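Shown here: start_19.txt, compact mmCIF, N, CA and C atoms.
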```
# COMPACT_ATOMS: atom_id res chain seq x y z
N MET V 150 107.50 80.98 70.36
CA MET V 150 106.56 80.48 69.37
C MET V 150 105.54 79.58 70.06
N LYS V 151 104.30 79.77 69.74
CA LYS V 151 103.20 79.01 70.34
C LYS V 151 103.19 77.58 69.78
N PRO V 152 103.09 76.57 70.66
CA PRO V 152 103.04 75.19 70.14
C PRO V 152 101.76 74.95 69.35
N ARG V 153 101.87 74.20 68.28
CA ARG V 153 100.72 73.91 67.43
C ARG V 153 99.86 72.83 68.05
N THR V 154 98.57 72.95 67.87
CA THR V 154 97.61 71.96 68.37
C THR V 154 97.54 70.81 67.38
N ALA V 155 97.51 69.60 67.91
CA ALA V 155 97.38 68.41 67.06
C ALA V 155 95.90 68.08 66.89
N TYR V 156 95.40 68.25 65.67
CA TYR V 156 94.01 67.93 65.37
C TYR V 156 93.91 66.49 64.90
N ILE V 157 92.74 65.88 65.07
CA ILE V 157 92.55 64.46 64.79
C ILE V 157 91.62 64.31 63.60
N PRO V 158 92.17 64.21 62.37
CA PRO V 158 91.31 64.11 61.18
C PRO V 158 90.39 62.90 61.19
N GLN V 159 90.78 61.82 61.86
CA GLN V 159 89.97 60.61 61.89
C GLN V 159 88.67 60.81 62.65
N GLN V 160 88.59 61.83 63.49
CA GLN V 160 87.39 62.07 64.28
C GLN V 160 86.62 63.30 63.81
N GLN V 161 86.90 63.75 62.60
CA GLN V 161 86.22 64.94 62.09
C GLN V 161 84.73 64.68 61.87
N PHE V 162 83.97 65.73 61.91
CA PHE V 162 82.56 65.65 61.58
C PHE V 162 82.22 66.87 60.73
N HIS V 163 81.04 66.86 60.15
CA HIS V 163 80.65 67.93 59.24
C HIS V 163 79.39 68.64 59.73
N LEU V 164 79.33 69.93 59.46
CA LEU V 164 78.17 70.74 59.80
C LEU V 164 77.65 71.40 58.53
N LEU V 165 76.35 71.45 58.38
CA LEU V 165 75.74 72.15 57.26
C LEU V 165 75.53 73.60 57.70
N ILE V 166 76.23 74.51 57.03
CA ILE V 166 76.19 75.93 57.39
C ILE V 166 75.52 76.71 56.27
N HIS V 167 74.63 77.62 56.65
CA HIS V 167 73.91 78.45 55.69
C HIS V 167 74.67 79.76 55.51
N PHE V 168 75.42 79.86 54.42
CA PHE V 168 76.10 81.09 54.06
C PHE V 168 75.11 81.96 53.29
N LYS V 169 75.47 83.17 53.01
CA LYS V 169 74.59 84.07 52.26
C LYS V 169 74.39 83.53 50.85
N GLY V 170 73.17 83.10 50.53
CA GLY V 170 72.84 82.60 49.20
C GLY V 170 73.37 81.21 48.91
N ASP V 171 73.85 80.49 49.91
CA ASP V 171 74.48 79.19 49.68
C ASP V 171 74.47 78.41 50.99
N GLN V 172 74.43 77.11 50.89
CA GLN V 172 74.64 76.29 52.09
C GLN V 172 75.67 75.21 51.75
N ARG V 173 76.64 75.05 52.63
CA ARG V 173 77.73 74.11 52.40
C ARG V 173 78.03 73.34 53.67
N SER V 174 78.64 72.20 53.47
CA SER V 174 79.09 71.39 54.58
C SER V 174 80.53 71.78 54.91
N VAL V 175 80.79 72.12 56.18
CA VAL V 175 82.14 72.44 56.61
C VAL V 175 82.65 71.31 57.49
N ALA V 176 83.95 71.06 57.43
CA ALA V 176 84.57 70.02 58.26
C ALA V 176 85.01 70.63 59.57
N VAL V 177 84.80 69.90 60.66
CA VAL V 177 85.25 70.31 61.99
C VAL V 177 86.19 69.24 62.50
N LEU V 178 87.44 69.64 62.74
CA LEU V 178 88.45 68.71 63.23
C LEU V 178 88.71 68.99 64.70
N PRO V 179 88.42 68.02 65.57
CA PRO V 179 88.64 68.24 67.00
C PRO V 179 90.07 67.90 67.41
N SER V 180 90.49 68.45 68.54
CA SER V 180 91.76 68.05 69.16
C SER V 180 91.42 67.42 70.51
N GLN V 181 92.41 66.90 71.17
CA GLN V 181 92.16 66.27 72.46
C GLN V 181 92.10 67.28 73.60
N VAL V 182 92.38 68.54 73.31
CA VAL V 182 92.38 69.56 74.37
C VAL V 182 91.22 70.55 74.24
N GLY V 183 90.16 70.18 73.52
CA GLY V 183 88.98 71.02 73.43
C GLY V 183 89.04 72.13 72.40
N GLN V 184 89.93 71.99 71.43
CA GLN V 184 89.99 72.98 70.36
C GLN V 184 89.47 72.36 69.07
N PHE V 185 88.90 73.22 68.22
CA PHE V 185 88.31 72.75 66.97
C PHE V 185 88.79 73.62 65.83
N LEU V 186 89.16 72.98 64.73
CA LEU V 186 89.56 73.67 63.51
C LEU V 186 88.40 73.52 62.53
N VAL V 187 87.91 74.64 61.99
CA VAL V 187 86.78 74.62 61.06
C VAL V 187 87.30 74.93 59.66
N VAL V 188 87.04 74.00 58.71
CA VAL V 188 87.58 74.10 57.36
C VAL V 188 86.44 74.04 56.35
N ASP V 189 86.46 74.96 55.38
CA ASP V 189 85.48 74.99 54.31
C ASP V 189 86.21 74.92 52.97
N GLN V 190 86.04 73.84 52.26
CA GLN V 190 86.63 73.64 50.94
C GLN V 190 88.14 73.92 50.93
N GLY V 191 88.85 73.40 51.93
CA GLY V 191 90.29 73.56 52.01
C GLY V 191 90.76 74.86 52.64
N ARG V 192 89.86 75.76 52.96
CA ARG V 192 90.21 77.04 53.57
C ARG V 192 89.84 77.02 55.05
N VAL V 193 90.78 77.38 55.90
CA VAL V 193 90.51 77.40 57.34
C VAL V 193 89.66 78.63 57.66
N LEU V 194 88.48 78.37 58.21
CA LEU V 194 87.58 79.46 58.60
C LEU V 194 87.93 79.98 59.98
N GLY V 195 88.44 79.11 60.84
CA GLY V 195 88.80 79.55 62.17
C GLY V 195 89.08 78.42 63.13
N GLU V 196 89.45 78.82 64.35
CA GLU V 196 89.69 77.88 65.44
C GLU V 196 88.84 78.32 66.63
N LEU V 197 88.24 77.35 67.27
CA LEU V 197 87.43 77.61 68.45
C LEU V 197 87.94 76.75 69.59
N ALA V 198 87.89 77.29 70.80
CA ALA V 198 88.30 76.54 71.99
C ALA V 198 87.11 76.45 72.94
N TYR V 199 86.92 75.27 73.51
CA TYR V 199 85.81 75.01 74.42
C TYR V 199 86.34 74.51 75.75
N ASP V 200 85.60 74.78 76.82
CA ASP V 200 85.96 74.22 78.12
C ASP V 200 85.26 72.87 78.30
N SER V 201 85.41 72.26 79.44
CA SER V 201 84.86 70.92 79.67
C SER V 201 83.33 70.90 79.72
N HIS V 202 82.69 72.07 79.85
CA HIS V 202 81.23 72.16 79.88
C HIS V 202 80.65 72.58 78.54
N LEU V 203 81.45 72.49 77.48
CA LEU V 203 81.07 72.85 76.11
C LEU V 203 80.67 74.32 75.97
N ASN V 204 81.34 75.18 76.71
CA ASN V 204 81.18 76.62 76.55
C ASN V 204 82.35 77.12 75.71
N CYS V 205 82.05 77.91 74.69
CA CYS V 205 83.10 78.45 73.83
C CYS V 205 83.87 79.51 74.61
N VAL V 206 85.16 79.31 74.79
CA VAL V 206 85.96 80.26 75.56
C VAL V 206 86.80 81.17 74.67
N SER V 207 87.04 80.77 73.43
CA SER V 207 87.70 81.67 72.48
C SER V 207 87.39 81.24 71.06
N ALA V 208 87.32 82.23 70.19
CA ALA V 208 87.03 81.96 68.79
C ALA V 208 87.85 82.91 67.93
N HIS V 209 88.69 82.36 67.09
CA HIS V 209 89.49 83.14 66.15
C HIS V 209 89.00 82.76 64.76
N CYS V 210 88.02 83.50 64.26
CA CYS V 210 87.39 83.17 62.99
C CYS V 210 87.29 84.39 62.10
N GLU V 211 87.26 84.11 60.80
CA GLU V 211 87.11 85.17 59.81
C GLU V 211 85.76 85.02 59.11
N VAL V 212 84.71 84.89 59.90
CA VAL V 212 83.36 84.73 59.35
C VAL V 212 82.41 85.71 60.01
N GLU V 213 81.26 85.88 59.40
CA GLU V 213 80.24 86.76 59.96
C GLU V 213 79.74 86.19 61.29
N PRO V 214 79.25 87.06 62.17
CA PRO V 214 78.75 86.59 63.47
C PRO V 214 77.66 85.53 63.36
N ARG V 215 76.76 85.65 62.38
CA ARG V 215 75.67 84.66 62.26
C ARG V 215 76.21 83.29 61.86
N ILE V 216 77.28 83.25 61.07
CA ILE V 216 77.89 81.97 60.69
C ILE V 216 78.63 81.38 61.87
N LEU V 217 79.31 82.23 62.64
CA LEU V 217 80.00 81.76 63.84
C LEU V 217 79.00 81.16 64.83
N THR V 218 77.83 81.78 64.95
CA THR V 218 76.78 81.25 65.83
C THR V 218 76.34 79.86 65.38
N GLN V 219 76.18 79.67 64.07
CA GLN V 219 75.79 78.35 63.55
C GLN V 219 76.86 77.30 63.87
N ILE V 220 78.12 77.67 63.72
CA ILE V 220 79.22 76.74 64.00
C ILE V 220 79.23 76.36 65.48
N LYS V 221 79.11 77.36 66.36
CA LYS V 221 79.10 77.10 67.80
C LYS V 221 77.95 76.16 68.18
N LYS V 222 76.75 76.44 67.66
CA LYS V 222 75.59 75.59 67.95
C LYS V 222 75.80 74.18 67.42
N GLY V 223 76.38 74.05 66.23
CA GLY V 223 76.62 72.74 65.64
C GLY V 223 77.58 71.90 66.45
N ILE V 224 78.64 72.52 66.97
CA ILE V 224 79.62 71.80 67.79
C ILE V 224 78.97 71.34 69.10
N ARG V 225 78.23 72.23 69.75
CA ARG V 225 77.54 71.85 70.99
C ARG V 225 76.56 70.71 70.75
N LYS V 226 75.80 70.80 69.67
CA LYS V 226 74.82 69.76 69.38
C LYS V 226 75.49 68.43 69.09
N HIS V 227 76.62 68.46 68.40
CA HIS V 227 77.33 67.21 68.07
C HIS V 227 77.77 66.47 69.33
N TYR V 228 78.15 67.21 70.36
CA TYR V 228 78.66 66.58 71.59
C TYR V 228 77.62 66.46 72.69
N SER V 229 76.37 66.87 72.45
CA SER V 229 75.36 66.75 73.51
C SER V 229 74.51 65.51 73.32
```
Structure rendered as structure tokens:
Amino acid sequence: MKPRTAYIPQQQFHLLIHFKGDQRSVAVLPSQVGQFLVVDQGRVLGELAYDSHLNCVSAHCEVEPRILTQIKKGIRKHYS
């Protein structure tokens, strides 16, 4: 069984994402190992993993590619 990642709710931030016909704020919860949990209205949209240079190395998401691109750009911008 894969060990679960410990996310840090106290350090969460929000991104404004443009969905089809709607725009909503999604919560991004970081972990200490470069992984991010993306949550929209209590529903987990996905998990993303980044390396030390803020390059996305894996993304397990159930969203359209254009929404995933917005999330990736938002995370990079938050940490740059």
* Structure fact -> Separating CA of Leu217 in chain V from CA of Gln161 in chain V, to the nearest tenth of an Å, is a gap of 18.0 Å
* To do: Please identify which residues in chain V DSSP calls alpha helix (DSSP H) from the backbone, and express them as number ranges by chain.
  => V: 214-228
* Name the closest residue to Val177 in chain V among the candidates V:Arg215, V:Gln190, V:His163, V:Asn204; distances are taken between atoms, counting all atoms listed in the file. =>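 Once distances to Val177 in chain V are computed over all atoms listed in the file, the minimum belongs to V:His163.
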Output as a PDB file with N, CA and C atoms, in the frame of the given file all residues of range 177-214 of chain V that backbone DSSP marks as strand (DSSP E or B).
```pdb
ATOM      1  N   VAL V 177      84.800  69.900  60.660  1.00  0.00           N
ATOM      2  CA  VAL V 177      85.250  70.310  61.990  1.00  0.00           C
ATOM      3  C   VAL V 177      86.190  69.240  62.500  1.00  0.00           C
ATOM      4  N   LEU V 178      87.440  69.640  62.740  1.00  0.00           N
ATOM      5  CA  LEU V 178      88.450  68.710  63.230  1.00  0.00           C
ATOM      6  C   LEU V 178      88.710  68.990  64.700  1.00  0.00           C
ATOM      7  N   PRO V 179      88.420  68.020  65.570  1.00  0.00           N
ATOM      8  CA  PRO V 179      88.640  68.240  67.000  1.00  0.00           C
ATOM      9  C   PRO V 179      90.070  67.900  67.410  1.00  0.00           C
ATOM     10  N   SER V 180      90.490  68.450  68.540  1.00  0.00           N
ATOM     11  CA  SER V 180      91.760  68.050  69.160  1.00  0.00           C
ATOM     12  C   SER V 180      91.420  67.420  70.510  1.00  0.00           C
ATOM     13  N   GLN V 184      89.930  71.990  71.430  1.00  0.00           N
ATOM     14  CA  GLN V 184      89.990  72.980  70.360  1.00  0.00           C
ATOM     15  C   GLN V 184      89.470  72.360  69.070  1.00  0.00           C
ATOM     16  N   PHE V 185      88.900  73.220  68.220  1.00  0.00           N
ATOM     17  CA  PHE V 185      88.310  72.750  66.970  1.00  0.00           C
ATOM     18  C   PHE V 185      88.790  73.620  65.830  1.00  0.00           C
ATOM     19  N   LEU V 186      89.160  72.980  64.730  1.00  0.00           N
ATOM     20  CA  LEU V 186      89.560  73.670  63.510  1.00  0.00           C
ATOM     21  C   LEU V 186      88.400  73.520  62.530  1.00  0.00           C
ATOM     22  N   VAL V 187      87.910  74.640  61.990  1.00  0.00           N
ATOM     23  CA  VAL V 187      86.780  74.620  61.060  1.00  0.00           C
ATOM     24  C   VAL V 187      87.300  74.930  59.660  1.00  0.00           C
ATOM     25  N   VAL V 188      87.040  74.000  58.710  1.00  0.00           N
ATOM     26  CA  VAL V 188      87.580  74.100  57.360  1.00  0.00           C
ATOM     27  C   VAL V 188      86.440  74.040  56.350  1.00  0.00           C
ATOM     28  N   ASP V 189      86.460  74.960  55.380  1.00  0.00           N
ATOM     29  CA  ASP V 189      85.480  74.990  54.310  1.00  0.00           C
ATOM     30  C   ASP V 189      86.210  74.920  52.970  1.00  0.00           C
ATOM     31  N   ARG V 192      89.860  75.760  52.960  1.00  0.00           N
ATOM     32  CA  ARG V 192      90.210  77.040  53.570  1.00  0.00           C
ATOM     33  C   ARG V 192      89.840  77.020  55.050  1.00  0.00           C
ATOM     34  N   VAL V 193      90.780  77.380  55.900  1.00  0.00           N
ATOM     35  CA  VAL V 193      90.510  77.400  57.340  1.00  0.00           C
ATOM     36  C   VAL V 193      89.660  78.630  57.660  1.00  0.00           C
ATOM     37  N   LEU V 194      88.480  78.370  58.210  1.00  0.00           N
ATOM     38  CA  LEU V 194      87.580  79.460  58.600  1.00  0.00           C
ATOM     39  C   LEU V 194      87.930  79.980  59.980  1.00  0.00           C
ATOM     40  N   GLY V 195      88.440  79.110  60.840  1.00  0.00           N
ATOM     41  CA  GLY V 195      88.800  79.550  62.170  1.00  0.00           C
ATOM     42  C   GLY V 195      89.080  78.420  63.130  1.00  0.00           C
ATOM     43  N   GLU V 196      89.450  78.820  64.350  1.00  0.00           N
ATOM     44  CA  GLU V 196      89.690  77.880  65.440  1.00  0.00           C
ATOM     45  C   GLU V 196      88.840  78.320  66.630  1.00  0.00           C
ATOM     46  N   LEU V 197      88.240  77.350  67.270  1.00  0.00           N
ATOM     47  CA  LEU V 197      87.430  77.610  68.450  1.00  0.00           C
ATOM     48  C   LEU V 197      87.940  76.750  69.590  1.00  0.00           C
ATOM     49  N   ALA V 198      87.890  77.290  70.800  1.00  0.00           N
ATOM     50  CA  ALA V 198      88.300  76.540  71.990  1.00  0.00           C
ATOM     51  C   ALA V 198      87.110  76.450  72.940  1.00  0.00           C
ATOM     52  N   TYR V 199      86.920  75.270  73.510  1.00  0.00           N
ATOM     53  CA  TYR V 199      85.810  75.010  74.420  1.00  0.00           C
ATOM     54  C   TYR V 199      86.340  74.510  75.750  1.00  0.00           C
ATOM     55  N   CYS V 205      82.050  77.910  74.690  1.00  0.00           N
ATOM     56  CA  CYS V 205      83.100  78.450  73.830  1.00  0.00           C
ATOM     57  C   CYS V 205      83.870  79.510  74.610  1.00  0.00           C
ATOM     58  N   VAL V 206      85.160  79.310  74.790  1.00  0.00           N
ATOM     59  CA  VAL V 206      85.960  80.260  75.560  1.00  0.00           C
ATOM     60  C   VAL V 206      86.800  81.170  74.670  1.00  0.00           C
ATOM     61  N   SER V 207      87.040  80.770  73.430  1.00  0.00           N
ATOM     62  CA  SER V 207      87.700  81.670  72.480  1.00  0.00           C
ATOM     63  C   SER V 207      87.390  81.240  71.060  1.00  0.00           C
ATOM     64  N   ALA V 208      87.320  82.230  70.190  1.00  0.00           N
ATOM     65  CA  ALA V 208      87.030  81.960  68.790  1.00  0.00           C
ATOM     66  C   ALA V 208      87.850  82.910  67.930  1.00  0.00           C
ATOM     67  N   HIS V 209      88.690  82.360  67.090  1.00  0.00           N
ATOM     68  CA  HIS V 209      89.490  83.140  66.150  1.00  0.00           C
ATOM     69  C   HIS V 209      89.000  82.760  64.760  1.00  0.00           C
ATOM     70  N   CYS V 210      88.020  83.500  64.260  1.00  0.00           N
ATOM     71  CA  CYS V 210      87.390  83.170  62.990  1.00  0.00           C
ATOM     72  C   CYS V 210      87.290  84.390  62.100  1.00  0.00           C
TER      73      CYS V 210
END
```
* To do: Report the distance between atom C of Ile220 in chain V and CA of Ser201 in chain V in Å, rounded to one decimal place.
  =>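 So the answer is 16.2 Å.
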Set up a box along x, y and z of the file covering all listed atoms of range 202-216 of chain V, add 3 Å on every one of the six sides, and write the centre and edge lengths in Å to one decimal, as JSON.
```
{"center_x": 82.6, "center_y": 79.6, "center_z": 69.5, "size_x": 19.8, "size_y": 21.0, "size_z": 26.8}
```
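The closest residue to His167 in chain V, picked from V:Lys222, V:Cys210, V:Tyr228, V:Ile216 and counting all atoms listed in the file, is V:Ile216.
Within 7 Å of range 179-188 of chain V, once only C-alpha atoms are used and residues closer than 6 positions along the same chain are dropped, the contacting residues are Ala155, Tyr156, Ile157, Gln160, Gln161, Leu194, Gly195, Glu196, Leu197, Ala198, Tyr199 and Asp200 of chain V.
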* For CA of Gly223 in chain V and CA of Arg173 in chain V, quote the distance in Å rounded to one decimal. => 13.4 Å
* Asked: Using only N, CA and C atoms, which of the listed residues (V:Gln159, V:Ser207, V:Ser174, V:Gln219) sits closest to Asp189 in chain V?
  ->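 Ranking V:Gln159, V:Ser207, V:Ser174, V:Gln219 by distance to Asp189 in chain V, first place goes to V:Ser174.
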* **Counting all atoms listed in the file, the option among V:Phe162, V:Thr218, V:His209, V:Arg192 closest to Val175 in chain V** =>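 Checking each candidate against Val175 in chain V, we get V:Phe162 as the closest.
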Block slice range 172-184 of chain V, all heavy atoms, emitted as a short mmCIF file (atom, residue, chain, number, x, y, z; two decimals), in the first residue's frame:
```cif
data_model
loop_
_atom_site.label_atom_id
_atom_site.label_comp_id
_atom_site.auth_asym_id
_atom_site.auth_seq_id
_atom_site.Cartn_x
_atom_site.Cartn_y
_atom_site.Cartn_z
N GLN V 172 -16.58 30.53 -13.34
CA GLN V 172 -15.24 30.66 -12.75
C GLN V 172 -15.37 30.50 -11.24
O GLN V 172 -16.27 31.05 -10.62
CB GLN V 172 -14.57 31.97 -13.13
CG GLN V 172 -15.24 33.23 -12.68
CD GLN V 172 -14.45 34.44 -13.13
OE1 GLN V 172 -13.43 34.35 -13.79
NE2 GLN V 172 -14.94 35.61 -12.78
N ARG V 173 -14.50 29.68 -10.68
CA ARG V 173 -14.55 29.37 -9.25
C ARG V 173 -13.15 29.38 -8.67
O ARG V 173 -12.16 29.18 -9.36
CB ARG V 173 -15.16 27.98 -9.02
CG ARG V 173 -16.60 27.85 -9.42
CD ARG V 173 -17.21 26.55 -8.94
NE ARG V 173 -16.58 25.35 -9.47
CZ ARG V 173 -16.94 24.73 -10.60
NH1 ARG V 173 -17.89 25.24 -11.34
NH2 ARG V 173 -16.34 23.63 -10.97
N SER V 174 -13.12 29.58 -7.38
CA SER V 174 -11.87 29.51 -6.64
C SER V 174 -11.67 28.08 -6.16
O SER V 174 -12.55 27.50 -5.54
CB SER V 174 -11.95 30.47 -5.45
OG SER V 174 -10.76 30.44 -4.72
N VAL V 175 -10.51 27.49 -6.48
CA VAL V 175 -10.19 26.16 -6.00
C VAL V 175 -9.10 26.27 -4.94
O VAL V 175 -8.25 27.16 -5.00
CB VAL V 175 -9.75 25.20 -7.14
CG1 VAL V 175 -10.87 25.02 -8.15
CG2 VAL V 175 -8.49 25.67 -7.81
N ALA V 176 -9.14 25.36 -3.97
CA ALA V 176 -8.12 25.34 -2.91
C ALA V 176 -6.97 24.45 -3.34
O ALA V 176 -7.18 23.38 -3.92
CB ALA V 176 -8.73 24.84 -1.62
N VAL V 177 -5.75 24.88 -3.06
CA VAL V 177 -4.55 24.09 -3.33
C VAL V 177 -3.85 23.86 -2.01
O VAL V 177 -3.45 24.81 -1.34
CB VAL V 177 -3.62 24.82 -4.33
CG1 VAL V 177 -2.38 23.99 -4.60
CG2 VAL V 177 -4.35 25.14 -5.62
N LEU V 178 -3.72 22.60 -1.63
CA LEU V 178 -3.07 22.24 -0.37
C LEU V 178 -1.70 21.66 -0.67
O LEU V 178 -1.60 20.62 -1.33
CB LEU V 178 -3.90 21.21 0.40
CG LEU V 178 -5.18 21.71 1.03
CD1 LEU V 178 -6.30 21.76 0.03
CD2 LEU V 178 -5.55 20.87 2.21
N PRO V 179 -0.64 22.32 -0.22
CA PRO V 179 0.71 21.82 -0.48
C PRO V 179 1.14 20.79 0.56
O PRO V 179 0.59 20.74 1.66
CB PRO V 179 1.57 23.08 -0.37
CG PRO V 179 0.84 23.92 0.63
CD PRO V 179 -0.62 23.64 0.41
N SER V 180 2.13 19.98 0.20
CA SER V 180 2.78 19.10 1.16
C SER V 180 4.24 19.53 1.25
O SER V 180 4.69 20.39 0.48
CB SER V 180 2.70 17.64 0.71
OG SER V 180 3.60 17.41 -0.35
N GLN V 181 4.97 18.94 2.14
CA GLN V 181 6.38 19.31 2.29
C GLN V 181 7.28 18.62 1.27
O GLN V 181 8.46 18.91 1.21
CB GLN V 181 6.86 19.01 3.70
CG GLN V 181 6.21 19.90 4.73
CD GLN V 181 6.72 19.64 6.13
OE1 GLN V 181 7.40 18.65 6.40
NE2 GLN V 181 6.39 20.53 7.04
N VAL V 182 6.72 17.72 0.48
CA VAL V 182 7.53 16.98 -0.50
C VAL V 182 7.22 17.37 -1.94
O VAL V 182 7.50 16.61 -2.86
CB VAL V 182 7.38 15.45 -0.30
CG1 VAL V 182 7.97 15.00 1.00
CG2 VAL V 182 5.93 15.03 -0.42
N GLY V 183 6.63 18.54 -2.16
CA GLY V 183 6.39 19.03 -3.51
C GLY V 183 5.15 18.49 -4.19
O GLY V 183 5.05 18.53 -5.40
N GLN V 184 4.21 17.99 -3.40
CA GLN V 184 2.95 17.53 -3.98
C GLN V 184 1.83 18.49 -3.58
O GLN V 184 1.88 19.11 -2.53
CB GLN V 184 2.62 16.12 -3.52
CG GLN V 184 3.59 15.10 -4.07
CD GLN V 184 3.20 13.70 -3.68
OE1 GLN V 184 2.72 13.46 -2.58
NE2 GLN V 184 3.42 12.78 -4.59
#
```
